[in-house]
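Asker: I have a structure here, written as structure tokens, and I will follow up with some questions on it.
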Amino acid sequence: MNAEIRYSIIIPVYNEEAVINQTYRRLKQVMDSTRETYELIFVNDGSSDHTTAMIKGLRGQDDAVKLMTFSRNFGHQVAITAGMDYASGAAVVVIDADLQDPPEVILDMIAKWKEGFDVVYAKRTKRKGETFFKKQTARLFYRILSASTDLDIPTDTGDFRLLDRRVCEELKRLPEKNRYVRGLVSWVGFRQTAVEYERDERVAGETKYPLKKMIKLSLDGLTSFSYKPLKLANYAGVVLITFGFTYLLALLLLKLFSPAVIAGWNLVMAMQLLLTGFVLTMMGVIGEYIGRIYDEARDRPLYIVSECQGMMKKERNVKRVV
Ligand code: UDP
Ligand code: MG
């Protein structure tokens with residue numbers, strides 16, 4: 001049956017017992033309406049609730065449901081990557097499990113794909129039911145990212161998208177560990193287009209993206225596609241040196257031409273704090289990059305699959321040239 005599969009839907013799930021059944025029903029309805037073959041690949045990212053049992057239940061009634069379980073929580077971007085490694089469809093769709101991405105939009109994506117596009121990403125025109133903080137920080141992040149990289153990464157798009165088989169194959173060749181998948185998709189190229197949609201509220205359950213994971217994702221995005229943060233030290237260094245020289249010159253002139261006594265230690269203290277703070281911040285920026293280089297050097301596998309149902313367990317097909 002595998003060779004015949006037309007669409008692979010990848011659904012990363014992490015403790016989504018509250019939504020699984022509903023998501024499955026909506027996806028099934030949409031995919032059945034295509035009258036073509038499909039598989040629903042649930043990538044269970046180390047859930048500790050009833051998610052696993054529920055997916056197994058669905059699998060009992062429906063062969064199209066496939067399940068891959070990680071040995072622990074490896075994170076959303078890794079789950080998507082694993083889904084791509086295992087998917088066998090001619091087109092691959094990545095969608096969130098919480099129905100914030102309406103499954104009906106997949107039909108629009110398929111239509112574009114049939115027109116000949118290789119990547120169809122979903123651009124959100126509205127985000128419902130998300131906090132002001134989340135919307136604003138997301139907005140800011142997308143703007144900073146696009147300002148700091150030459151790569152054209154579309155703003156206001158998540159990972160909800162359709163990829164042609166050949167794009168998926170190219171993505172599988174990218175070995176990096178700290179993955180910002182939507183950026184990688186842009187990097188790969190091919191014919192890309194957008195469909196617009198309104199992002200719904202999560203139907204049930206809580207967000208699985210606390211602030212800590214959001215920050216990690218943004219830093220992965222920035223460091224994967226831009227060296228600008230590192231260059232900041234250069235620019236700031238030049239500004240500070242210029243400032244320092246001017247300041248020294250001013251002091252010298254003051255000393256030569258004015259009788260005033262300069263009691264400058266307050267200023268020295270302030271400058272000291274400022275400069276040390278700046279140096280430490282820059283070391284932190286460098287640290288972010290070095291940590292990622294370290295991840296690459298260790299070259300651990302991206303994820304560990306503890307259980308696989310409906311698909312053969314396999315290694316990532318990445319060949320690293322050292
Ligand atoms: N998710 C995951 N692993 C994680 C966090 C999230 O697989 O460590 C999945 C989650 O189950 C959902 C998708 O990623 O299908 C998006 O997460 P969520 O809806 O919680 O994020 P938000 O929409 O709030 O940004
Ligand atoms: Mg969500």
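Identifiers in this document derive from the order of the structure tokens: chains are assigned A, B, ..., residues are numbered from 1 separately in each chain, and ligands are numbered from 1 in order of occurrence.
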If you run DSSP on the backbone, which residues of range 151-265 of chain A are helix (DSSP H, G or I), as a PyMOL selection string?

Answerer: chain A and resi 165-172+181-188+211-225+228-257+265

Asker: Given a cut-off of 10 Å, what residues near ligand 2 show up using only C-alpha atoms and all ligand atoms, put as a PyMOL selection string?

Answerer: chain A and resi 95-101+129-130+199-209

Asker: Identify, on the basis of only C-alpha atoms, every residue whose closest approach to Arg161 in chain A does not exceed 12 Å; exclude the query and any residue fewer than 3 positions from it along the same chain; express the result as a PDB file with C-alpha atoms, in the first residue's frame.

Answerer:
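Below is the file that was written, result_29.pdb:
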ATOM      1  CA  SER A   8       1.141  12.117   4.170  1.00  0.00           C
ATOM      2  CA  ILE A   9      -0.247  14.240   6.966  1.00  0.00           C
ATOM      3  CA  ILE A  10       2.212  14.782   9.800  1.00  0.00           C
ATOM      4  CA  ILE A  11       0.702  15.620  13.158  1.00  0.00           C
ATOM      5  CA  ILE A  80       8.042  17.429  12.365  1.00  0.00           C
ATOM      6  CA  ALA A  91       2.954  15.386  -0.977  1.00  0.00           C
ATOM      7  CA  VAL A  92       3.552  15.903   2.723  1.00  0.00           C
ATOM      8  CA  VAL A  93       1.480  18.192   4.941  1.00  0.00           C
ATOM      9  CA  VAL A  94       2.504  19.350   8.406  1.00  0.00           C
ATOM     10  CA  ILE A  95      -0.329  20.414  10.707  1.00  0.00           C
ATOM     11  CA  ASP A  96      -0.721  21.161  14.441  1.00  0.00           C
ATOM     12  CA  ASP A 101      -4.692  25.102  11.691  1.00  0.00           C
ATOM     13  CA  PRO A 102      -8.043  24.276  10.050  1.00  0.00           C
ATOM     14  CA  PRO A 103      -7.701  20.957   8.159  1.00  0.00           C
ATOM     15  CA  VAL A 105      -7.125  24.582   4.281  1.00  0.00           C
ATOM     16  CA  ILE A 106      -5.268  21.431   3.173  1.00  0.00           C
ATOM     17  CA  LEU A 107      -7.651  21.244   0.212  1.00  0.00           C
ATOM     18  CA  ASP A 108      -6.535  24.712  -0.935  1.00  0.00           C
ATOM     19  CA  MET A 109      -2.923  23.621  -0.547  1.00  0.00           C
ATOM     20  CA  ILE A 110      -3.527  20.509  -2.606  1.00  0.00           C
ATOM     21  CA  LYS A 112      -1.978  24.819  -5.493  1.00  0.00           C
ATOM     22  CA  TRP A 113       0.251  21.758  -5.469  1.00  0.00           C
ATOM     23  CA  PHE A 117       3.904  24.501  -6.727  1.00  0.00           C
ATOM     24  CA  ASP A 118       6.375  22.536  -4.600  1.00  0.00           C
ATOM     25  CA  VAL A 119       5.783  24.310  -1.314  1.00  0.00           C
ATOM     26  CA  VAL A 120       2.455  25.763  -0.231  1.00  0.00           C
ATOM     27  CA  TYR A 121       2.645  27.488   3.123  1.00  0.00           C
ATOM     28  CA  ALA A 122      -0.294  28.798   5.080  1.00  0.00           C
ATOM     29  CA  LYS A 123      -0.101  32.458   5.955  1.00  0.00           C
ATOM     30  CA  ARG A 124      -2.206  33.607   8.862  1.00  0.00           C
ATOM     31  CA  THR A 157       3.594  31.604   8.784  1.00  0.00           C
ATOM     32  CA  GLY A 158       4.028  28.644  11.067  1.00  0.00           C
ATOM     33  CA  ASP A 164       6.220  18.135  -2.526  1.00  0.00           C
ATOM     34  CA  VAL A 167      11.344  19.185  -1.228  1.00  0.00           C
ATOM     35  CA  CYS A 168      10.901  16.640   1.527  1.00  0.00           C
ATOM     36  CA  VAL A 181      12.032  23.955   9.907  1.00  0.00           C
ATOM     37  CA  ARG A 182      10.146  26.821   8.268  1.00  0.00           C
ATOM     38  CA  VAL A 185      12.021  25.064   3.814  1.00  0.00           C
ATOM     39  CA  SER A 186      12.712  28.575   2.508  1.00  0.00           C
ATOM     40  CA  GLN A 192       6.792  28.324  -3.245  1.00  0.00           C
ATOM     41  CA  THR A 193       3.446  30.006  -2.729  1.00  0.00           C
ATOM     42  CA  ALA A 194       1.026  30.888   0.043  1.00  0.00           C
ATOM     43  CA  VAL A 195      -2.597  30.294   0.882  1.00  0.00           C
ATOM     44  CA  GLU A 196      -4.158  32.610   3.434  1.00  0.00           C
ATOM     45  CA  TYR A 197      -6.195  31.504   6.419  1.00  0.00           C
TER      46      TYR A 197
END

Asker: Residues at most 9 Å from range 39-43 of chain A, counting only C-alpha atoms, excluding those fewer than 6 positions away in the same chain, as number ranges by chain?

Answerer: A: 5-14, 24, 27-28, 55, 63-70, 79-80, 82-83, 86-89, 97

Asker: Which of range 63-266 of chain A end up as strand (DSSP E or B) when DSSP is run on this backbone - answer as a ChimeraX atom specification?

Answerer: /A:65-70,91-94,119-127,157-164,192-199
